[in-house]
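Trainee: Structure below; questions to follow.
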Amino acid sequence: MNIKTICIIGAGLMGQQLSLVAAQAGFKVYCVDTSSEALKKAQEFVAGWMPKQKAKGKLTDEQIEHITKNLHFVNSLEEAAKNADMVIEAAIENLAIKRSIFAQLDKIAPPHAILATNSSYLVSSKIADATSRPDKVLNMHFFNPALMMKTVEVVQGPHVSDDTVAKVMEVARAFGKNPALVKREIYGFLCNRIFSVLTKEACYLLDQGIASIEDIDTAVKGAFGHPMGPFELLDMTGIDLEYHLGMERFRETGSLADRPSPSLTERFGKGDYGRKTGKGYYNYQK
Ligand SMILES: NC(=O)c1ccc[n+]([C@@H]2O[C@H](COP(=O)([O-])OP(=O)(O)OC[C@H]3O[C@@H](n4cnc5c(N)ncnc54)[C@H](O)[C@@H]3O)[C@@H](O)[C@H]2O)c1
């Protein structure tokens, strides 16, 4: 494979784990974030994760050595992307910010570099025209926690070349994932479309006072064999993310049905984003 160096944009929930996924698979990785706090947290996560994996027999000394030597957290986009063969953007879910990042990347990354976005819902054709290489811009959508979840959706928009898709599928397999090719662009791709039907209905039932958070989660887990209920999942993936997604969709369609639900909006307003802030639908501070 001629992809050796990968740049990850964003060291948040997804970016820090994606950096490890790539480094563990033997790639050289540069992870960049505009927030020094996020970079520090990511480095702490990596430092804590490696010994635990070793103790479980899931990481060899050789892999630890490779990760330590080849995973870099930096605060300069220039430094992170200038030698990249591929970039995976995992910054905040906001179209204007993603377009601005891709326009900058187009100037910094080598001309052959593939520019992928890990966006949960936004199709790459909304971003690709911010660059001069739309044939190399596509969605590569991972799931949270990225170190564990095997599915990756690779989305081939009309502007994406077959060669780019083939290379990205190969990278996903090298990461130890099971890529699913989404042959046409559709908002939310496969899994988030299905997930949003479930969470939207769960929020509606809660907002209408039909059942409690706990009872809805328990019922869904028991009835469908899901390991987590919809509210537990929202707390894990991030209430802020779900709120931004809903607002982005609402701005696009103008349909009230797409607006984030009252229970989600209330928590977003209070800064209760779920596990990452210690409180969301559930309280994790105890
Ligand atoms: N959370 C999930 O479950 C999940 C799952 C799949 C995909 N995603 C997608 O991954 C992306 C990241 O989500 P997350 O949950 O990791 O968010 P997060 O808020 O945890 O992290 C985002 C990071 O991006 C950084 N950032 C913002 N602007 C930046 C810029 N211009 N350059 C570099 N860094 C910048 C922020 O400082 C933050 O650390 C989003 O597009 C989201 O839709 C999230």
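Identifiers for the structure tokens are assigned positionally: chains receive A, B, ... in sequence, residues are indexed from 1 per chain, and ligands are indexed from 1 in the order shown.
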Please return as a ChimeraX atom specification: the residues of range 28-127 of chain A that backbone DSSP assigns to helix (DSSP H, G or I).
Mentor: /A:36-55,61-70,77-81,95-108,124-126
Trainee: Write as a ChimeraX atom specification the residues around ligand 1, taking 7 Å as the cut-off and counting only C-alpha atoms and all ligand atoms.
Mentor: /A:9-15,32-35,38,90-93,97,101,118-121,141-144,236-238,241
Trainee: Could you check which of A:Arg184, A:Cys7, A:Gly225, A:Ala202 is closest to Glu79 in chain A, using only C-alpha atoms?
Mentor: A:Cys7
Trainee: Just want the 10 Å neighbourhood of Ala80 in chain A, counted on only C-alpha atoms, with same-chain residues fewer than 2 positions away dropped. Output as an NGL selection string.
Mentor: :A and (5-9 or 29-33 or 72-78 or 82-84 or 87 or 105 or 108-109)
Trainee: Any idea what's packed within 12 Å of Gly229 in chain A, counting only C-alpha atoms, ignoring anything in its chain fewer than 6 positions away? Could you give it as a PyMOL selection string?
Mentor: chain A and resi 195+198-199+202-203+213-223+235-236+281-282
Trainee: Return as a PyMOL selection string the full set of residues in range 9-242 of chain A whose backbone-based DSSP assignment is strand (DSSP E or B).
Mentor: chain A and resi 9+28-32+71-74+86-89+114-117+137-141+151-155+178-182
Trainee: Go through A:His112, A:Arg99, A:Lys183, A:Lys177 and flag the residue nearest Ala25 in chain A, using only C-alpha atoms for the distances.
Mentor: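 Selected residue with least distance to Ala25 in chain A: A:Lys177.
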Trainee: Looking at A:Arg267, A:Lys52, A:Lys41, A:Lys136, which one is nearest to Ile64 in chain A, with distances taken over only C-alpha atoms?
Mentor: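 Under the stated criterion, the closest residue is A:Lys52.
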Trainee: Show me, as a compact mmCIF listing (two decimals) with N, CA and C atoms, in the first residue's frame, the residues that have an atom within 7 Å of range 125-131 of chain A when counting only C-alpha atoms, minus same-chain residues fewer than 6 positions from it.
Mentor:
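For reference, out12.txt as written:
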```txt
# COMPACT_ATOMS: atom_id res chain seq x y z
N ARG A 99 -15.56 22.68 5.76
CA ARG A 99 -15.17 23.25 4.45
C ARG A 99 -13.88 24.06 4.59
N PHE A 102 -10.94 21.69 4.96
CA PHE A 102 -10.58 21.03 3.69
C PHE A 102 -9.91 22.00 2.72
N ALA A 103 -10.36 23.26 2.72
CA ALA A 103 -9.73 24.26 1.84
C ALA A 103 -8.27 24.44 2.26
N ASP A 106 -6.19 21.32 1.34
CA ASP A 106 -5.90 21.24 -0.09
C ASP A 106 -4.60 21.96 -0.43
N VAL A 137 -11.82 13.25 -2.34
CA VAL A 137 -12.50 13.68 -1.11
C VAL A 137 -13.73 12.79 -0.89
N GLY A 157 -19.44 9.35 -3.34
CA GLY A 157 -20.23 10.41 -3.99
C GLY A 157 -19.91 10.42 -5.48
```
Trainee: For Met1 in chain A, which of A:Pro260, A:Gly26, A:Gly278, A:Gly57 is the closest residue, counting only C-alpha atoms?
Mentor: A:Gly26
